[in-house]
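Q: One file is attached below, work00.json, containing JSON, C-alpha atoms.
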[["chain", "number", "residue", "atom", "x", "y", "z"],
["A", 1, "MET", "CA", 1.10, 18.73, 6.15],
["A", 2, "ASN", "CA", 2.32, 16.33, 3.46],
["A", 3, "HIS", "CA", 5.98, 15.27, 3.88],
["A", 4, "ILE", "CA", 6.21, 12.94, 0.86],
["A", 5, "ASP", "CA", 8.84, 15.08, -0.90],
["A", 6, "GLU", "CA", 11.12, 14.79, 2.15],
["A", 7, "ILE", "CA", 10.80, 10.99, 2.06],
["A", 8, "ARG", "CA", 11.56, 10.92, -1.67],
["A", 9, "LYS", "CA", 14.65, 13.13, -1.21],
["A", 10, "GLU", "CA", 15.94, 10.95, 1.62],
["A", 11, "ILE", "CA", 15.60, 7.80, -0.47],
["A", 12, "GLN", "CA", 17.51, 9.42, -3.35],
["A", 13, "LEU", "CA", 20.19, 10.74, -0.98],
["A", 14, "TYR", "CA", 21.17, 7.24, 0.17],
["A", 15, "PHE", "CA", 20.34, 5.32, -3.02],
["A", 16, "ASN", "CA", 23.17, 3.34, -4.60],
["A", 17, "PRO", "CA", 22.24, 1.41, -7.77],
["A", 18, "ASP", "CA", 25.13, -1.00, -7.14],
["A", 19, "ASN", "CA", 23.59, -2.23, -3.87],
["A", 20, "VAL", "CA", 20.96, -4.51, -5.43],
["A", 21, "ILE", "CA", 19.70, -7.16, -3.02],
["A", 22, "GLU", "CA", 20.19, -10.58, -4.57],
["A", 23, "ASN", "CA", 16.98, -12.34, -5.69],
["A", 24, "SER", "CA", 14.86, -9.29, -4.82],
["A", 25, "GLN", "CA", 13.41, -8.81, -8.30],
["A", 26, "GLU", "CA", 9.75, -9.61, -8.68],
["A", 27, "MET", "CA", 7.13, -9.29, -11.42],
["A", 28, "LEU", "CA", 3.46, -8.85, -10.44],
["A", 29, "PHE", "CA", 0.34, -8.58, -12.60],
["A", 30, "SER", "CA", -2.99, -6.91, -11.91],
["A", 31, "PRO", "CA", -5.93, -9.35, -11.67],
["A", 32, "ASN", "CA", -7.18, -8.21, -15.12],
["A", 33, "LYS", "CA", -3.60, -8.51, -16.54],
["A", 34, "LYS", "CA", -3.72, -4.94, -17.89],
["A", 35, "TYR", "CA", -0.82, -3.79, -15.69],
["A", 36, "ARG", "CA", 2.54, -5.19, -14.67],
["A", 37, "VAL", "CA", 4.69, -4.16, -11.72],
["A", 38, "GLU", "CA", 8.40, -4.89, -11.60],
["A", 39, "THR", "CA", 10.17, -4.47, -8.27],
["A", 40, "LYS", "CA", 13.83, -4.50, -7.26],
["A", 41, "SER", "CA", 15.19, -3.85, -3.77],
["A", 42, "PHE", "CA", 18.41, -2.08, -2.78],
["A", 43, "ARG", "CA", 20.41, -1.63, 0.41],
["A", 44, "GLN", "CA", 20.67, 2.07, 1.17],
["A", 45, "ASP", "CA", 24.02, 3.76, 1.91],
["A", 46, "LYS", "CA", 22.73, 5.42, 5.09],
["A", 47, "PRO", "CA", 25.43, 5.13, 7.79],
["A", 48, "ASP", "CA", 24.65, 2.92, 10.82],
["A", 49, "SER", "CA", 21.49, 1.61, 9.21],
["A", 50, "ASN", "CA", 20.30, -1.55, 7.44],
["A", 51, "TRP", "CA", 17.67, 0.44, 5.57],
["A", 52, "GLU", "CA", 16.31, -0.87, 2.25],
["A", 53, "ALA", "CA", 14.39, 0.77, -0.59],
["A", 54, "THR", "CA", 12.45, -0.85, -3.41],
["A", 55, "LYS", "CA", 12.16, 0.55, -6.93],
["A", 56, "ILE", "CA", 8.67, 0.16, -8.37],
["A", 57, "ASP", "CA", 8.10, 0.31, -12.14],
["A", 58, "ILE", "CA", 4.50, 0.05, -13.37],
["A", 59, "TYR", "CA", 3.84, -0.85, -17.00],
["A", 60, "GLN", "CA", 0.81, -1.16, -19.20],
["A", 61, "THR", "CA", 0.93, -4.82, -20.24],
["A", 62, "ASP", "CA", -0.32, -4.61, -23.84],
["A", 63, "ASN", "CA", 2.38, -2.21, -25.08],
["A", 64, "SER", "CA", 4.93, -2.36, -22.18],
["A", 65, "SER", "CA", 4.81, 1.43, -21.79],
["A", 66, "LEU", "CA", 6.14, 2.66, -18.45],
["A", 67, "LEU", "CA", 3.36, 4.44, -16.53],
["A", 68, "PHE", "CA", 5.05, 5.17, -13.17],
["A", 69, "SER", "CA", 8.44, 4.73, -11.57],
["A", 70, "PHE", "CA", 9.09, 5.45, -7.88],
["A", 71, "PHE", "CA", 10.67, 4.08, -4.71],
["A", 72, "VAL", "CA", 9.21, 2.84, -1.44],
["A", 73, "ASN", "CA", 11.36, 3.06, 1.69],
["A", 74, "GLU", "CA", 11.10, -0.65, 2.52],
["A", 75, "GLY", "CA", 12.37, -3.93, 1.12],
["A", 76, "THR", "CA", 8.83, -5.36, 0.97],
["A", 77, "PHE", "CA", 6.22, -3.99, -1.43],
["A", 78, "PHE", "CA", 2.85, -4.15, 0.36],
["A", 79, "HIS", "CA", 0.14, -3.45, -2.20],
["A", 80, "SER", "CA", -3.40, -4.25, -3.34],
["A", 81, "TRP", "CA", -5.23, -3.99, -6.65],
["A", 82, "ILE", "CA", -8.66, -2.32, -6.39],
["A", 83, "THR", "CA", -11.28, -1.56, -9.05],
["A", 84, "LYS", "CA", -13.84, 1.15, -8.23],
["A", 85, "SER", "CA", -16.39, 2.44, -10.75],
["A", 86, "ASN", "CA", -14.43, 0.70, -13.54],
["A", 87, "VAL", "CA", -11.23, 2.53, -12.58],
["A", 88, "ASP", "CA", -8.22, 0.36, -11.71],
["A", 89, "TYR", "CA", -6.14, 1.39, -8.71],
["A", 90, "LEU", "CA", -2.92, 0.18, -7.14],
["A", 91, "LEU", "CA", -2.71, 0.94, -3.41],
["A", 92, "CYS", "CA", 0.61, 0.98, -1.55],
["A", 93, "ALA", "CA", 2.78, 3.39, 0.45],
["A", 94, "GLU", "CA", 5.94, 5.20, -0.65],
["A", 95, "ASP", "CA", 6.57, 5.78, 3.07],
["A", 96, "LEU", "CA", 6.06, 2.48, 4.92],
["A", 97, "CYS", "CA", 5.20, 3.97, 8.32],
["A", 98, "GLY", "CA", 2.14, 6.16, 7.91],
["A", 99, "GLY", "CA", 2.24, 6.64, 4.15],
["A", 100, "GLN", "CA", -0.68, 6.37, 1.73],
["A", 101, "THR", "CA", -0.19, 6.04, -2.03],
["A", 102, "VAL", "CA", -3.12, 5.68, -4.45],
["A", 103, "ILE", "CA", -2.37, 5.15, -8.13],
["A", 104, "ASP", "CA", -5.19, 5.59, -10.65],
["A", 105, "LEU", "CA", -3.91, 3.28, -13.38],
["A", 106, "THR", "CA", -6.82, 3.93, -15.75],
["A", 107, "ASN", "CA", -6.31, 7.72, -15.83],
["A", 108, "LYS", "CA", -2.55, 7.62, -15.14],
["A", 109, "LYS", "CA", -2.53, 9.66, -11.92],
["A", 110, "ILE", "CA", -0.68, 9.16, -8.64],
["A", 111, "SER", "CA", -1.35, 10.67, -5.23],
["A", 112, "SER", "CA", 0.92, 10.10, -2.25],
["A", 113, "TYR", "CA", 0.86, 11.33, 1.33],
["A", 114, "THR", "CA", 2.76, 10.92, 4.58],
["A", 115, "ALA", "CA", 2.71, 12.73, 7.88],
["A", 116, "ASN", "CA", 6.25, 11.33, 8.43],
["A", 117, "ASP", "CA", 5.23, 10.22, 11.92],
["A", 118, "ASP", "CA", 5.91, 6.45, 12.04],
["A", 119, "GLY", "CA", 2.16, 5.89, 11.71],
["A", 120, "PHE", "CA", -0.10, 3.09, 10.44],
["A", 121, "ILE", "CA", 1.59, 0.63, 8.07],
["A", 122, "TRP", "CA", -0.77, -0.42, 5.25],
["A", 123, "THR", "CA", -0.33, -4.11, 4.36],
["A", 124, "LYS", "CA", -3.67, -5.15, 2.83],
["A", 125, "HIS", "CA", -6.74, -3.34, 1.46],
["A", 126, "LEU", "CA", -10.33, -4.50, 0.84],
["A", 127, "LEU", "CA", -13.01, -2.39, -0.88],
["A", 128, "SER", "CA", -16.57, -2.61, 0.48],
["A", 129, "PRO", "CA", -19.31, -3.98, -1.83],
["A", 130, "ASP", "CA", -20.76, -0.49, -2.42],
["A", 131, "GLU", "CA", -17.19, 0.79, -3.10],
["A", 132, "SER", "CA", -17.52, 3.60, -0.54],
["A", 133, "LEU", "CA", -15.28, 2.19, 2.22],
["A", 134, "LEU", "CA", -11.78, 0.79, 2.25],
["A", 135, "ALA", "CA", -10.80, -1.64, 5.01],
["A", 136, "VAL", "CA", -7.05, -1.43, 5.57],
["A", 137, "PHE", "CA", -5.21, -4.09, 7.55],
["A", 138, "GLY", "CA", -1.87, -3.19, 9.05],
["A", 139, "CYS", "CA", 0.04, -2.28, 12.17],
["A", 140, "GLY", "CA", 2.16, 0.28, 13.91],
["A", 141, "TRP", "CA", 5.89, -0.47, 14.04],
["A", 142, "GLY", "CA", 6.21, -3.54, 16.31],
["A", 143, "SER", "CA", 2.52, -3.55, 17.31],
["A", 144, "GLU", "CA", -0.32, -6.02, 16.80],
["A", 145, "TYR", "CA", -2.23, -5.97, 13.50],
["A", 146, "PHE", "CA", -5.50, -4.07, 13.39],
["A", 147, "ILE", "CA", -7.97, -2.50, 10.93],
["A", 148, "ILE", "CA", -8.86, 1.07, 10.03],
["A", 149, "ILE", "CA", -11.83, 1.74, 7.74],
["A", 150, "TYR", "CA", -11.47, 4.76, 5.44],
["A", 151, "HIS", "CA", -13.93, 6.67, 3.27],
["A", 152, "PHE", "CA", -13.07, 5.84, -0.34],
["A", 153, "ASP", "CA", -15.45, 8.14, -2.19],
["A", 154, "ASP", "CA", -12.60, 10.33, -3.50],
["A", 155, "PRO", "CA", -9.54, 8.01, -3.60],
["A", 156, "MET", "CA", -7.06, 10.55, -4.94],
["A", 157, "GLN", "CA", -7.66, 13.07, -2.13],
["A", 158, "LEU", "CA", -5.15, 12.07, 0.54],
["A", 159, "PRO", "CA", -4.96, 11.48, 3.39],
["A", 160, "LEU", "CA", -8.06, 9.33, 3.29],
["A", 161, "LYS", "CA", -10.56, 10.23, 6.00],
["A", 162, "ILE", "CA", -11.19, 7.63, 8.70],
["A", 163, "ALA", "CA", -14.74, 6.27, 8.79],
["A", 164, "TYR", "CA", -14.32, 3.71, 11.61],
["A", 165, "GLU", "CA", -11.59, 2.45, 13.90],
["A", 166, "PRO", "CA", -12.89, -0.91, 15.14],
["A", 167, "ASN", "CA", -11.55, -2.09, 18.48],
["A", 168, "TRP", "CA", -10.07, -5.24, 16.99],
["A", 169, "THR", "CA", -6.66, -6.83, 16.71],
["A", 170, "GLY", "CA", -6.08, -10.04, 14.85],
["A", 171, "TYR", "CA", -4.43, -12.10, 12.19],
["A", 172, "ASP", "CA", -6.01, -11.03, 8.87],
["A", 173, "ILE", "CA", -9.01, -9.56, 7.08],
["A", 174, "LEU", "CA", -10.65, -11.91, 4.58],
["A", 175, "GLU", "CA", -13.68, -10.32, 2.93],
["A", 176, "TRP", "CA", -16.65, -7.98, 3.24],
["A", 177, "ILE", "CA", -20.01, -9.69, 3.84],
["A", 178, "ASP", "CA", -21.94, -6.46, 3.30],
["A", 179, "ASN", "CA", -21.17, -2.76, 3.78],
["A", 180, "ARG", "CA", -21.11, -3.11, 7.60],
["A", 181, "LYS", "CA", -19.57, -6.55, 8.18],
["A", 182, "LEU", "CA", -16.16, -8.12, 7.56],
["A", 183, "ILE", "CA", -14.95, -11.67, 7.97],
["A", 184, "VAL", "CA", -11.68, -11.57, 9.91],
["A", 185, "LYS", "CA", -9.20, -14.06, 11.30],
["A", 186, "LYS", "CA", -8.70, -13.64, 15.01],
["A", 187, "SER", "CA", -5.87, -16.19, 14.95],
["A", 188, "LYS", "CA", -4.47, -18.65, 12.41],
["A", 189, "GLU", "CA", -7.45, -20.94, 13.04],
["A", 190, "GLU", "CA", -10.25, -18.77, 14.44],
["A", 191, "ILE", "CA", -12.53, -16.85, 12.05],
["A", 192, "GLU", "CA", -15.11, -14.32, 13.27],
["A", 193, "LEU", "CA", -17.44, -11.62, 12.02],
["A", 194, "LEU", "CA", -16.50, -7.99, 12.65],
["A", 195, "GLU", "CA", -19.43, -5.57, 12.62],
["A", 196, "LEU", "CA", -18.81, -1.83, 12.22]]
Write out the structure in this file as structure tokens.

A:
Amino acid sequence: MNHIDEIRKEIQLYFNPDNVIENSQEMLFSPNKKYRVETKSFRQDKPDSNWEATKIDIYQTDNSSLLFSFFVNEGTFFHSWITKSNVDYLLCAEDLCGGQTVIDLTNKKISSYTANDDGFIWTKHLLSPDESLLAVFGCGWGSEYFIIIYHFDDPMQLPLKIAYEPNWTGYDILEWIDNRKLIVKKSKEEIELLEL
């Protein structure tokens, strides 16, 4: 069951536009410069909590038209730009813990999902060379970082289906070598090959 509407309502319930976090504004551009993201973080008014939310505005760069506007329930905006079959995507999570958000920038569509279960936190995404798999680097709340590999044949159908869950924890994912191998960082210094 998708609980994304509950997450959105909770953010709006405690949102106060006067609680802007100083120096939290950021401007980000897609690698092809077609799209611009502007972010601004806010302290939420939820009692007994230091919860933050970030407003995300996505613009088309050439004419500055606003394509999407939404919030994520975190002060940090983890995201990746992906191009698959000449379609530009922005990957992130409206719900930090367990959420999946896929934005088709080319066709102006957004799909978002959460089980609302404090699940896997997406922090980085890498598309396989054949564009069929998505390696996602992240963690559970307070856990070590690890990787889950998802099928990415139909990106807008969420939740993405898991293809592999390698038994690996480490520091970072760097790049795909081919459709079955990833270069990963085991520690800050140690690099190794992860085979699926």

Q: State, in Å with one decimal place, the distance from atom CA of A:Leu127 to atom CA of A:Val72.

A: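 Distance reported for this atom pair: 22.8 Å.
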
Q: Need to verify the contact set: A:Val136, 9 Å, all atoms listed in the file, exclusion of same-chain residues closer than 6 positions in sequence. Can you return it as a PyMOL selection string?

A: chain A and resi 122-127+146-150+173

Q: Tell me which protein, DNA and RNA residues are within 10 Å of A:Ile110, counting only C-alpha atoms, leaving out same-chain ones fewer than 5 positions away, and put them as a PyMOL selection string.

A: chain A and resi 68+89-91+101-105+156

Q: What lies within 6 Å of stretch 12-25 of chain A using only C-alpha atoms, ignoring chain neighbours under 5 positions off, as JSON, numbers by chain?

A: {"A": [39, 40, 41, 42, 43, 44, 45, 46]}

Q: Convert the current residue selection to file output with C-alpha atoms, as a compact mmCIF listing (two decimals), keeping the file's coordinate frame.

A:
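Final output, again38.txt:
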# COMPACT_ATOMS: atom_id res chain seq x y z
CA THR A 39 10.17 -4.47 -8.27
CA LYS A 40 13.83 -4.50 -7.26
CA SER A 41 15.19 -3.85 -3.77
CA PHE A 42 18.41 -2.08 -2.78
CA ARG A 43 20.41 -1.63 0.41
CA GLN A 44 20.67 2.07 1.17
CA ASP A 45 24.02 3.76 1.91
CA LYS A 46 22.73 5.42 5.09

Q: Counting all atoms listed in the file, figure out which residue out of A:Ile183, A:Val87, A:Ala93, A:Ile11 gets nearest to A:Pro159.

A: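 Distance minimum relative to A:Pro159 lands on A:Ala93.
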
Q: Between A:Glu10, A:Trp51, A:Asn86, A:Glu38, which is the closest to A:Ser69 once you count only C-alpha atoms?

A: A:Glu38

Q: I need the residue nearest A:Gly99 from this list: A:Ile58, A:Met1, A:Ala115, A:Leu194. Use all atoms listed in the file for the distance.

A: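 When distances to A:Gly99 are compared using all atoms listed in the file, the smallest one comes from A:Ala115.
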
Q: Find, counting only C-alpha atoms, the residue in A:Asp154, A:Asp130, A:Glu26, A:Asp117 that gets nearest to A:His3.

A: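 The shortest atom-to-atom distance to A:His3 comes from A:Asp117.
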
Q: Show me as a PyMOL selection string the residues that reach within 7 Å of (-11.7, -8.9, 11.9), counting all atoms listed in the file and using the file's own coordinates.

A: chain A and resi 168+170+172-173+182-186+192-194

Q: For a test of reading the model, state the distance in Å between atom CA of A:Arg36 and atom CA of A:Thr61, rounded to one decimal.

A: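 We find that atom CA of A:Arg36 and atom CA of A:Thr61 lie 5.8 Å from each other.
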
Q: Point out the residue among A:Ser64, A:Thr106, A:Asn179, A:Ser111 with the least atom-to-atom distance to A:Thr83, counting all atoms listed in the file.

A: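 Using all atoms listed in the file, the shortest distance to A:Thr83 belongs to A:Thr106.
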
Q: Expressed in Å to a single decimal, how great is the separation between atom CA of A:Lys34 and atom CA of A:Gln60?

A: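 It comes out at 6.0 Å.
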
Q: Quick one: of A:Pro31, A:Pro129, A:Gly138, A:Gly98, who's nearest to A:Ser85, counting all atoms listed in the file?

A: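 Closest to A:Ser85, using all atoms listed in the file: A:Pro129.
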
Q: Keeping N, CA and C atoms (and nothing else), can you write stretch 151-175 of chain A of this structure as a short mmCIF file (atom, residue, chain, number, x, y, z; two decimals), in the first residue's frame?

A:
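Once everything was written out, this is part_12.cif:
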data_model
loop_
_atom_site.label_atom_id
_atom_site.label_comp_id
_atom_site.auth_asym_id
_atom_site.auth_seq_id
_atom_site.Cartn_x
_atom_site.Cartn_y
_atom_site.Cartn_z
N HIS A 151 15.18 -3.50 -10.74
CA HIS A 151 14.81 -3.50 -12.16
C HIS A 151 14.39 -2.07 -12.50
N PHE A 152 14.86 -1.58 -13.66
CA PHE A 152 14.53 -0.21 -14.05
C PHE A 152 13.94 -0.18 -15.46
N ASP A 153 13.24 -1.26 -15.82
CA ASP A 153 12.64 -1.32 -17.14
C ASP A 153 11.40 -0.44 -17.25
N ASP A 154 10.69 -0.23 -16.15
CA ASP A 154 9.50 0.63 -16.14
C ASP A 154 9.62 1.58 -14.95
N PRO A 155 10.43 2.65 -15.09
CA PRO A 155 10.79 3.49 -13.94
C PRO A 155 9.64 4.15 -13.21
N MET A 156 8.52 4.38 -13.87
CA MET A 156 7.42 5.10 -13.24
C MET A 156 6.49 4.19 -12.44
N GLN A 157 6.69 2.88 -12.55
CA GLN A 157 5.87 1.93 -11.79
C GLN A 157 6.56 1.62 -10.47
N LEU A 158 6.08 2.24 -9.40
CA LEU A 158 6.70 2.11 -8.09
C LEU A 158 5.80 1.29 -7.16
N PRO A 159 6.41 0.56 -6.20
CA PRO A 159 7.84 0.52 -5.92
C PRO A 159 8.59 -0.29 -6.97
N LEU A 160 9.85 0.11 -7.18
CA LEU A 160 10.69 -0.65 -8.10
C LEU A 160 10.89 -2.05 -7.54
N LYS A 161 10.96 -3.03 -8.43
CA LYS A 161 11.15 -4.42 -8.00
C LYS A 161 12.65 -4.69 -7.81
N ILE A 162 12.97 -5.40 -6.74
CA ILE A 162 14.37 -5.72 -6.43
C ILE A 162 14.85 -6.82 -7.35
N ALA A 163 16.01 -6.59 -7.98
CA ALA A 163 16.65 -7.59 -8.83
C ALA A 163 17.69 -8.39 -8.05
N TYR A 164 18.51 -7.68 -7.23
CA TYR A 164 19.56 -8.31 -6.43
C TYR A 164 19.73 -7.53 -5.13
N GLU A 165 20.07 -8.26 -4.09
CA GLU A 165 20.48 -7.63 -2.84
C GLU A 165 21.85 -8.20 -2.47
N PRO A 166 22.91 -7.60 -3.02
CA PRO A 166 24.26 -8.12 -2.73
C PRO A 166 24.56 -8.07 -1.24
N ASN A 167 25.31 -9.04 -0.79
CA ASN A 167 25.73 -9.08 0.62
C ASN A 167 27.00 -8.24 0.74
N TRP A 168 26.80 -6.93 0.76
CA TRP A 168 27.93 -6.00 0.75
C TRP A 168 27.58 -4.78 1.59
N THR A 169 28.52 -4.33 2.39
CA THR A 169 28.40 -3.04 3.04
C THR A 169 29.69 -2.29 2.77
N GLY A 170 29.60 -1.00 2.61
CA GLY A 170 30.81 -0.26 2.29
C GLY A 170 30.61 1.23 2.24
N TYR A 171 31.55 1.89 1.60
CA TYR A 171 31.68 3.34 1.66
C TYR A 171 30.98 4.07 0.52
N ASP A 172 30.96 3.47 -0.68
CA ASP A 172 30.37 4.17 -1.83
C ASP A 172 30.27 3.22 -3.02
N ILE A 173 29.42 3.57 -3.99
CA ILE A 173 29.43 2.90 -5.28
C ILE A 173 29.98 3.91 -6.28
N LEU A 174 30.84 3.45 -7.19
CA LEU A 174 31.53 4.36 -8.10
C LEU A 174 31.02 4.28 -9.53
N GLU A 175 30.99 3.07 -10.10
CA GLU A 175 30.53 2.95 -11.48
C GLU A 175 30.28 1.50 -11.85
#
